[in-house]
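Peer 1: Pasting run.cif here (mmCIF, C-alpha atoms):
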```cif
data_entry
#
loop_
_atom_site.group_PDB
_atom_site.id
_atom_site.type_symbol
_atom_site.label_atom_id
_atom_site.label_comp_id
_atom_site.auth_asym_id
_atom_site.auth_seq_id
_atom_site.Cartn_x
_atom_site.Cartn_y
_atom_site.Cartn_z
ATOM 1 C CA MET Q 1 5.982 -5.266 10.365
ATOM 2 C CA LYS Q 2 6.270 -2.420 12.879
ATOM 3 C CA ILE Q 3 9.415 -0.478 13.657
ATOM 4 C CA ASN Q 4 9.667 1.397 16.949
ATOM 5 C CA GLN Q 5 13.395 1.740 17.512
ATOM 6 C CA THR Q 6 14.180 5.392 16.856
ATOM 7 C CA GLU Q 7 17.672 4.921 15.447
ATOM 8 C CA GLU Q 8 16.600 2.008 13.264
ATOM 9 C CA LEU Q 9 13.660 3.989 11.954
ATOM 10 C CA TYR Q 10 15.824 7.042 11.242
ATOM 11 C CA LYS Q 11 18.261 4.939 9.215
ATOM 12 C CA LEU Q 12 15.424 3.339 7.259
ATOM 13 C CA LEU Q 13 13.801 6.685 6.439
ATOM 14 C CA GLU Q 14 17.087 8.273 5.374
ATOM 15 C CA GLU Q 15 17.926 5.270 3.213
ATOM 16 C CA LYS Q 16 14.561 5.404 1.464
ATOM 17 C CA VAL Q 17 14.801 9.183 0.924
ATOM 18 C CA GLN Q 18 18.085 8.620 -0.884
ATOM 19 C CA GLU Q 19 16.480 5.873 -2.967
ATOM 20 C CA PHE Q 20 13.382 7.768 -4.061
ATOM 21 C CA ASN Q 21 14.335 11.469 -3.924
ATOM 22 C CA SER Q 22 16.184 11.283 -7.217
ATOM 23 C CA PRO Q 23 15.612 12.193 -10.890
ATOM 24 C CA LYS Q 24 14.412 8.655 -11.664
ATOM 25 C CA PHE Q 25 11.348 9.455 -9.527
ATOM 26 C CA ILE Q 26 10.228 12.204 -11.904
ATOM 27 C CA GLU Q 27 9.250 10.282 -15.032
ATOM 28 C CA ALA Q 28 6.234 8.444 -13.613
ATOM 29 C CA ASP Q 29 5.116 11.204 -11.245
ATOM 30 C CA PRO Q 30 2.846 14.225 -11.864
ATOM 31 C CA ILE Q 31 5.828 16.469 -11.089
ATOM 32 C CA SER Q 32 7.092 15.548 -14.557
ATOM 33 C CA ILE Q 33 4.518 17.980 -16.005
ATOM 34 C CA PRO Q 34 6.027 21.188 -14.545
ATOM 35 C CA HIS Q 35 9.513 19.762 -15.121
ATOM 36 C CA GLN Q 36 9.009 20.517 -18.807
ATOM 37 C CA PHE Q 37 9.598 24.214 -18.061
ATOM 38 C CA ASP Q 38 12.336 26.519 -16.810
ATOM 39 C CA ARG Q 39 10.426 29.762 -16.260
ATOM 40 C CA LYS Q 40 9.145 30.203 -12.703
ATOM 41 C CA GLU Q 41 5.623 31.183 -13.720
ATOM 42 C CA ASP Q 42 5.309 28.295 -16.181
ATOM 43 C CA ILE Q 43 6.495 25.837 -13.521
ATOM 44 C CA GLU Q 44 4.094 27.009 -10.844
ATOM 45 C CA ILE Q 45 1.054 27.234 -13.148
ATOM 46 C CA ALA Q 46 1.659 23.810 -14.705
ATOM 47 C CA GLY Q 47 2.415 22.412 -11.256
ATOM 48 C CA PHE Q 48 -0.710 23.868 -9.692
ATOM 49 C CA LEU Q 49 -3.042 22.582 -12.398
ATOM 50 C CA VAL Q 50 -1.626 19.057 -12.485
ATOM 51 C CA ALA Q 51 -1.600 18.918 -8.685
ATOM 52 C CA ILE Q 52 -5.306 19.756 -8.706
ATOM 53 C CA ILE Q 53 -6.046 16.696 -10.866
ATOM 54 C CA ALA Q 54 -3.524 14.428 -9.115
ATOM 55 C CA TRP Q 55 -5.832 11.684 -7.946
ATOM 56 C CA GLY Q 56 -6.590 8.368 -9.556
ATOM 57 C CA GLN Q 57 -4.283 6.379 -11.823
ATOM 58 C CA ARG Q 58 -0.935 8.060 -12.339
ATOM 59 C CA LYS Q 59 -0.946 7.291 -16.066
ATOM 60 C CA THR Q 60 -4.288 9.064 -16.450
ATOM 61 C CA ILE Q 61 -3.035 12.029 -14.411
ATOM 62 C CA LEU Q 62 0.011 12.340 -16.672
ATOM 63 C CA ASN Q 63 -2.067 12.020 -19.857
ATOM 64 C CA ASN Q 64 -4.511 14.681 -18.722
ATOM 65 C CA GLY Q 65 -1.686 16.859 -17.476
ATOM 66 C CA GLU Q 66 -0.236 16.740 -20.964
ATOM 67 C CA LYS Q 67 -3.633 17.712 -22.376
ATOM 68 C CA LEU Q 68 -3.608 20.770 -20.143
ATOM 69 C CA LEU Q 69 -0.219 21.781 -21.523
ATOM 70 C CA GLN Q 70 -1.377 21.253 -25.111
ATOM 71 C CA MET Q 71 -4.450 23.366 -24.413
ATOM 72 C CA MET Q 72 -2.164 26.153 -23.160
ATOM 73 C CA GLU Q 73 0.136 25.689 -26.187
ATOM 74 C CA TYR Q 74 3.001 24.768 -23.834
ATOM 75 C CA SER Q 75 3.154 28.380 -22.612
ATOM 76 C CA PRO Q 76 1.185 28.277 -19.351
ATOM 77 C CA TYR Q 77 1.997 31.796 -18.149
ATOM 78 C CA ASP Q 78 1.350 33.480 -21.495
ATOM 79 C CA PHE Q 79 -1.925 31.583 -21.845
ATOM 80 C CA ILE Q 80 -3.114 32.402 -18.340
ATOM 81 C CA VAL Q 81 -2.349 36.100 -18.599
ATOM 82 C CA ASN Q 82 -3.607 36.638 -22.143
ATOM 83 C CA HIS Q 83 -6.454 34.200 -22.749
ATOM 84 C CA SER Q 84 -10.009 35.340 -23.409
ATOM 85 C CA ASN Q 85 -13.222 33.334 -23.312
ATOM 86 C CA LYS Q 86 -12.846 32.366 -26.968
ATOM 87 C CA ASP Q 87 -9.569 30.607 -26.110
ATOM 88 C CA LEU Q 88 -11.316 28.233 -23.697
ATOM 89 C CA LYS Q 89 -12.966 25.982 -26.276
ATOM 90 C CA ALA Q 90 -10.734 23.009 -25.461
ATOM 91 C CA ALA Q 91 -10.957 23.691 -21.724
ATOM 92 C CA LYS Q 92 -14.752 23.394 -21.812
ATOM 93 C CA THR Q 93 -14.547 19.747 -22.890
ATOM 94 C CA PHE Q 94 -11.799 18.737 -20.439
ATOM 95 C CA VAL Q 95 -12.616 15.927 -17.996
ATOM 96 C CA HIS Q 96 -10.541 14.303 -15.271
ATOM 97 C CA ARG Q 97 -12.741 12.190 -13.056
ATOM 98 C CA THR Q 98 -15.077 14.727 -11.378
ATOM 99 C CA PHE Q 99 -13.013 17.745 -12.478
ATOM 100 C CA ASN Q 100 -14.692 18.937 -15.666
ATOM 101 C CA GLY Q 101 -14.725 21.822 -18.117
ATOM 102 C CA ILE Q 102 -16.793 24.047 -15.835
ATOM 103 C CA ASP Q 103 -14.206 23.612 -13.096
ATOM 104 C CA LEU Q 104 -11.217 24.083 -15.384
ATOM 105 C CA CYS Q 105 -12.563 27.271 -16.976
ATOM 106 C CA PHE Q 106 -13.122 28.755 -13.524
ATOM 107 C CA PHE Q 107 -9.619 27.750 -12.398
ATOM 108 C CA LEU Q 108 -8.078 29.324 -15.489
ATOM 109 C CA SER Q 109 -10.016 32.557 -14.998
ATOM 110 C CA GLN Q 110 -8.999 32.729 -11.357
ATOM 111 C CA LEU Q 111 -5.368 32.100 -12.190
ATOM 112 C CA GLN Q 112 -5.578 35.013 -14.612
ATOM 113 C CA ARG Q 113 -6.972 37.219 -11.854
ATOM 114 C CA ILE Q 114 -4.278 36.046 -9.421
ATOM 115 C CA TYR Q 115 -1.459 36.890 -11.830
ATOM 116 C CA LYS Q 116 -2.914 40.204 -12.902
ATOM 117 C CA GLU Q 117 -4.103 41.444 -9.508
ATOM 118 C CA GLN Q 118 -2.093 39.627 -6.847
ATOM 119 C CA GLY Q 119 1.302 39.126 -8.447
ATOM 120 C CA GLY Q 120 1.011 35.381 -8.962
ATOM 121 C CA LEU Q 121 0.552 32.125 -7.084
ATOM 122 C CA GLU Q 122 3.486 32.600 -4.726
ATOM 123 C CA ALA Q 123 2.151 35.963 -3.576
ATOM 124 C CA ALA Q 124 -1.343 34.472 -3.180
ATOM 125 C CA PHE Q 125 -0.097 31.624 -0.978
ATOM 126 C CA CYS Q 126 2.643 33.477 0.882
ATOM 127 C CA ASN Q 127 0.454 36.378 1.948
ATOM 128 C CA SER Q 128 1.678 36.413 5.542
ATOM 129 C CA LYS Q 129 4.624 34.819 7.303
ATOM 130 C CA THR Q 130 2.604 34.668 10.501
ATOM 131 C CA LEU Q 131 0.070 32.224 9.042
ATOM 132 C CA SER Q 132 0.558 28.466 9.346
ATOM 133 C CA ILE Q 133 0.377 26.259 6.262
ATOM 134 C CA LYS Q 134 -3.128 25.279 7.320
ATOM 135 C CA GLU Q 135 -4.130 28.932 7.473
ATOM 136 C CA LYS Q 136 -2.388 29.758 4.185
ATOM 137 C CA ILE Q 137 -4.265 26.999 2.352
ATOM 138 C CA ALA Q 138 -7.598 27.992 3.879
ATOM 139 C CA HIS Q 139 -6.990 31.672 3.068
ATOM 140 C CA PHE Q 140 -5.993 30.798 -0.506
ATOM 141 C CA LYS Q 141 -9.231 28.881 -1.022
ATOM 142 C CA GLU Q 142 -11.287 31.716 0.436
ATOM 143 C CA GLN Q 143 -9.662 34.217 -1.929
ATOM 144 C CA PHE Q 144 -9.889 31.845 -4.910
ATOM 145 C CA PHE Q 145 -13.659 31.574 -4.586
ATOM 146 C CA GLN Q 146 -14.420 35.191 -3.722
ATOM 147 C CA VAL Q 147 -16.064 35.737 -7.121
ATOM 148 C CA PRO Q 148 -19.276 34.052 -8.345
ATOM 149 C CA HIS Q 149 -18.772 30.356 -9.094
ATOM 150 C CA GLU Q 150 -20.510 27.022 -9.432
ATOM 151 C CA GLN Q 151 -20.802 25.363 -6.025
ATOM 152 C CA ARG Q 152 -19.548 22.081 -7.480
ATOM 153 C CA THR Q 153 -16.157 23.632 -8.231
ATOM 154 C CA THR Q 154 -15.312 24.411 -4.593
ATOM 155 C CA LYS Q 155 -14.646 20.748 -3.804
ATOM 156 C CA HIS Q 156 -11.528 20.815 -5.990
ATOM 157 C CA LEU Q 157 -9.637 22.998 -3.526
ATOM 158 C CA ALA Q 158 -9.281 21.364 -0.131
ATOM 159 C CA ASP Q 159 -10.004 23.162 3.132
ATOM 160 C CA PRO Q 160 -8.007 21.880 6.134
ATOM 161 C CA ASN Q 161 -10.316 23.888 8.406
ATOM 162 C CA LYS Q 162 -12.945 21.313 7.476
ATOM 163 C CA GLY Q 163 -10.619 18.420 8.267
ATOM 164 C CA SER Q 164 -9.229 17.710 4.795
ATOM 165 C CA THR Q 165 -5.646 16.462 4.490
ATOM 166 C CA ALA Q 166 -5.225 18.931 1.592
ATOM 167 C CA LYS Q 167 -2.901 16.327 0.106
ATOM 168 C CA ARG Q 168 -2.680 17.820 -3.365
ATOM 169 C CA LEU Q 169 -2.045 21.370 -2.171
ATOM 170 C CA ASN Q 170 0.561 20.185 0.338
ATOM 171 C CA MET Q 171 2.203 18.257 -2.486
ATOM 172 C CA PHE Q 172 2.171 21.355 -4.698
ATOM 173 C CA LEU Q 173 3.735 23.407 -1.900
ATOM 174 C CA ARG Q 174 6.423 20.734 -1.469
ATOM 175 C CA TRP Q 175 7.232 21.010 -5.164
ATOM 176 C CA MET Q 176 7.500 24.793 -5.035
ATOM 177 C CA VAL Q 177 9.318 25.214 -1.703
ATOM 178 C CA ARG Q 178 11.683 22.265 -1.179
ATOM 179 C CA ASN Q 179 15.143 22.432 -2.707
ATOM 180 C CA ASP Q 180 17.725 19.857 -1.695
ATOM 181 C CA ASN Q 181 19.594 19.855 -5.016
ATOM 182 C CA ALA Q 182 18.316 16.366 -5.861
ATOM 183 C CA GLY Q 183 16.594 17.740 -8.957
ATOM 184 C CA VAL Q 184 13.051 16.680 -8.084
ATOM 185 C CA ASP Q 185 11.386 19.496 -6.134
ATOM 186 C CA PHE Q 186 11.910 22.984 -7.556
ATOM 187 C CA GLY Q 187 12.610 25.233 -4.567
ATOM 188 C CA ILE Q 188 11.515 28.359 -6.456
ATOM 189 C CA TRP Q 189 9.330 29.862 -3.712
ATOM 190 C CA LYS Q 190 11.037 31.775 -0.922
ATOM 191 C CA GLY Q 191 7.947 32.987 0.945
ATOM 192 C CA ILE Q 192 7.496 29.684 2.825
ATOM 193 C CA GLU Q 193 10.198 27.908 4.795
ATOM 194 C CA THR Q 194 10.807 24.203 4.225
ATOM 195 C CA LYS Q 195 10.513 23.505 7.942
ATOM 196 C CA ASP Q 196 6.891 24.688 7.902
ATOM 197 C CA LEU Q 197 5.687 22.363 5.132
ATOM 198 C CA MET Q 198 3.177 19.647 5.973
ATOM 199 C CA LEU Q 199 3.265 16.064 4.728
ATOM 200 C CA PRO Q 200 1.054 15.354 1.665
ATOM 201 C CA LEU Q 201 -0.800 12.559 3.447
ATOM 202 C CA ASP Q 202 -2.501 9.927 1.299
ATOM 203 C CA VAL Q 203 -3.406 6.256 1.591
ATOM 204 C CA HIS Q 204 0.181 5.088 0.963
ATOM 205 C CA THR Q 205 1.946 7.475 3.328
ATOM 206 C CA GLY Q 206 -0.747 7.020 5.953
ATOM 207 C CA ASN Q 207 -0.566 3.237 5.938
ATOM 208 C CA VAL Q 208 3.236 3.173 6.022
ATOM 209 C CA GLY Q 209 3.281 5.854 8.712
ATOM 210 C CA ARG Q 210 1.081 3.692 10.918
ATOM 211 C CA GLN Q 211 3.201 0.614 10.313
ATOM 212 C CA LEU Q 212 6.295 2.560 11.323
ATOM 213 C CA GLY Q 213 4.687 3.990 14.446
ATOM 214 C CA LEU Q 214 4.715 7.552 13.088
ATOM 215 C CA LEU Q 215 0.944 7.857 13.027
ATOM 216 C CA THR Q 216 -1.592 6.574 15.534
ATOM 217 C CA ARG Q 217 -4.684 8.358 14.259
ATOM 218 C CA LYS Q 218 -6.786 5.937 12.212
ATOM 219 C CA GLN Q 219 -8.479 8.540 10.030
ATOM 220 C CA ASN Q 220 -6.629 10.376 7.268
ATOM 221 C CA ASP Q 221 -7.525 13.982 8.050
ATOM 222 C CA TRP Q 222 -5.752 17.216 8.985
ATOM 223 C CA ARG Q 223 -5.156 16.038 12.539
ATOM 224 C CA ALA Q 224 -3.339 13.036 11.103
ATOM 225 C CA VAL Q 225 -1.279 15.368 8.896
ATOM 226 C CA GLU Q 226 -0.258 17.335 11.976
ATOM 227 C CA GLU Q 227 0.605 14.205 13.948
ATOM 228 C CA ILE Q 228 2.774 12.541 11.335
ATOM 229 C CA THR Q 229 4.518 15.775 10.336
ATOM 230 C CA LYS Q 230 5.294 16.511 14.000
ATOM 231 C CA ASN Q 231 6.871 13.063 14.349
ATOM 232 C CA LEU Q 232 8.881 13.468 11.140
ATOM 233 C CA ARG Q 233 10.242 16.794 12.412
ATOM 234 C CA LYS Q 234 11.956 14.820 15.190
ATOM 235 C CA PHE Q 235 14.146 13.237 12.516
ATOM 236 C CA ASP Q 236 14.686 16.393 10.454
ATOM 237 C CA PRO Q 237 13.286 19.639 11.888
ATOM 238 C CA ILE Q 238 14.497 21.639 8.879
ATOM 239 C CA ASP Q 239 13.120 19.428 6.092
ATOM 240 C CA PRO Q 240 10.533 17.011 7.500
ATOM 241 C CA VAL Q 241 8.564 16.470 4.293
ATOM 242 C CA LYS Q 242 11.565 14.970 2.508
ATOM 243 C CA TYR Q 243 10.321 11.780 4.145
ATOM 244 C CA ASP Q 244 7.288 11.924 1.866
ATOM 245 C CA TYR Q 245 9.542 10.190 -0.654
ATOM 246 C CA ALA Q 246 10.414 7.437 1.793
ATOM 247 C CA LEU Q 247 6.858 6.781 2.962
ATOM 248 C CA PHE Q 248 5.316 6.973 -0.500
ATOM 249 C CA GLY Q 249 8.066 4.833 -2.045
ATOM 250 C CA MET Q 250 7.748 2.133 0.598
ATOM 251 C CA GLY Q 251 3.977 2.170 0.208
ATOM 252 C CA VAL Q 252 3.988 1.847 -3.576
ATOM 253 C CA ASN Q 253 6.691 -0.835 -3.517
ATOM 254 C CA GLY Q 254 5.106 -2.764 -0.654
ATOM 255 C CA ASP Q 255 8.410 -2.720 1.243
ATOM 256 C CA LEU Q 256 6.801 -3.356 4.641
ATOM 257 C CA GLU Q 257 4.456 -6.142 3.615
#
```
Write the structure described by the file as structure tokens, please.

Peer 2:
Amino acid sequence: MKINQTEELYKLLEEKVQEFNSPKFIEADPISIPHQFDRKEDIEIAGFLVAIIAWGQRKTILNNGEKLLQMMEYSPYDFIVNHSNKDLKAAKTFVHRTFNGIDLCFFLSQLQRIYKEQGGLEAAFCNSKTLSIKEKIAHFKEQFFQVPHEQRTTKHLADPNKGSTAKRLNMFLRWMVRNDNAGVDFGIWKGIETKDLMLPLDVHTGNVGRQLGLLTRKQNDWRAVEEITKNLRKFDPIDPVKYDYALFGMGVNGDLE
């Protein structure tokens, strides 16, 4: 099934946004992990860490996300700011697919540095309003790994300058920046405008995007992210990534099969 009629496609996308951009979406999604908190710093730390491990089976992501919260005694900000090496015993044995204890301990130490030296994750990402999202993500990774680290750990932060879709970081930014009062995304960051967000492109959204004529590029890479986001901005230039819900929902449900 392929839809090319602009008005028909707009109606379909809007209908699916209304269906999936709702509180019922939260329970089975990784965003449920940061939704356990009210404090800004707790939300963004929990959100960042679970976004980093958000690949594979959703049930496993949620289980391991919960393990991260238990490890931080359900006080992410206090743990990040105050932990010492002796508090990382549980972190050293953590495993989620190829993300292991070595990686997690480095991420926790860098989060501590970011909150103590840079004013937190929002300040680290929103360093300049003149930078594009692509440039912000690339700059964040560069700063994150400016201290000695295991080479293996670098693969867990995407670099769009090398062609990556940066799906998990774009998803994290959607969580932090978007706020449409639906109760799903948090909208707690003001340093990035919603209109500048990029679609968290994955297999589901890519396949549905191609079926709907929103994406012609065959490869899922940063150029594909730019293409599909540009086309979605034609339908909503202020909040284009709200359609992530529509594309992902249709993909998971097999609506276009």

Peer 1: Please determine, counting all atoms listed in the file, which residue among Q:Ser32, Q:Ser75, Q:Asn220, Q:Gln143 has the shortest atom-to-atom distance to Gly47 of chain Q.

Peer 2: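 Looking only at the distances to Gly47 of chain Q, the closest residue turns out to be Q:Ser32.
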
Peer 1: Selection in question (the file shown): the PyMOL selection byres ((chain Q and resi 33) around 8). Which residues does it include, as an MDAnalysis selection string?

Peer 2: chainID Q and resid 30:32 34:36 46:47 50 62 65:66

Peer 1: Name the residues captured by the PyMOL selection byres ((chain Q and resi 89) around 12) when it is applied to the shown file; answer as JSON, numbers by chain.

Peer 2: {"Q": [71, 72, 83, 84, 85, 86, 87, 88, 90, 91, 92, 93, 94, 101, 102, 104, 105]}

Peer 1: Might you spell out which residues the PyMOL selection byres ((chain Q and resi 18) around 10) would select in the displayed file, as a list in words?

Peer 2: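 Applied to this file, the PyMOL selection byres ((chain Q and resi 18) around 10) returns Leu13, Glu14, Glu15, Lys16, Val17, Glu19, Phe20, Asn21, Ser22, Ala182, Lys242, Tyr243, Tyr245 and Ala246 of chain Q.
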
Peer 1: In terms of the shortest atom-to-atom distance over all atoms listed in the file, which of Q:Lys129, Q:Pro160, Q:Val81, Q:Leu12 is closest to Glu142 of chain Q?

Peer 2: Q:Pro160

Peer 1: With a distance cut-off of 12 Å and all atoms listed in the file, select the neighbouring residues of Leu9 of chain Q, excluding the residue or stretch itself and same-chain residues fewer than 6 positions from it, and output the selection as a PDB file with C-alpha atoms, keeping the file's coordinate frame.

Peer 2:
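What landed in around_7.pdb:
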```pdb
ATOM      1  CA  LYS Q   2       6.270  -2.420  12.879  1.00  0.00           C
ATOM      2  CA  ILE Q   3       9.415  -0.478  13.657  1.00  0.00           C
ATOM      3  CA  GLU Q  15      17.926   5.270   3.213  1.00  0.00           C
ATOM      4  CA  LYS Q  16      14.561   5.404   1.464  1.00  0.00           C
ATOM      5  CA  GLY Q 209       3.281   5.854   8.712  1.00  0.00           C
ATOM      6  CA  GLN Q 211       3.201   0.614  10.313  1.00  0.00           C
ATOM      7  CA  LEU Q 212       6.295   2.560  11.323  1.00  0.00           C
ATOM      8  CA  GLY Q 213       4.687   3.990  14.446  1.00  0.00           C
ATOM      9  CA  LEU Q 214       4.715   7.552  13.088  1.00  0.00           C
ATOM     10  CA  ASN Q 231       6.871  13.063  14.349  1.00  0.00           C
ATOM     11  CA  LEU Q 232       8.881  13.468  11.140  1.00  0.00           C
ATOM     12  CA  LYS Q 234      11.956  14.820  15.190  1.00  0.00           C
ATOM     13  CA  PHE Q 235      14.146  13.237  12.516  1.00  0.00           C
ATOM     14  CA  TYR Q 243      10.321  11.780   4.145  1.00  0.00           C
ATOM     15  CA  ALA Q 246      10.414   7.437   1.793  1.00  0.00           C
ATOM     16  CA  LEU Q 247       6.858   6.781   2.962  1.00  0.00           C
TER      17      LEU Q 247
END
```

Peer 1: Could you check which of Q:Pro200, Q:Gly206, Q:Gly163, Q:Gly191 is closest to Gly251 of chain Q, using all atoms listed in the file?

Peer 2: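 Comparing Q:Pro200, Q:Gly206, Q:Gly163, Q:Gly191 against Gly251 of chain Q, the winner is Q:Gly206.
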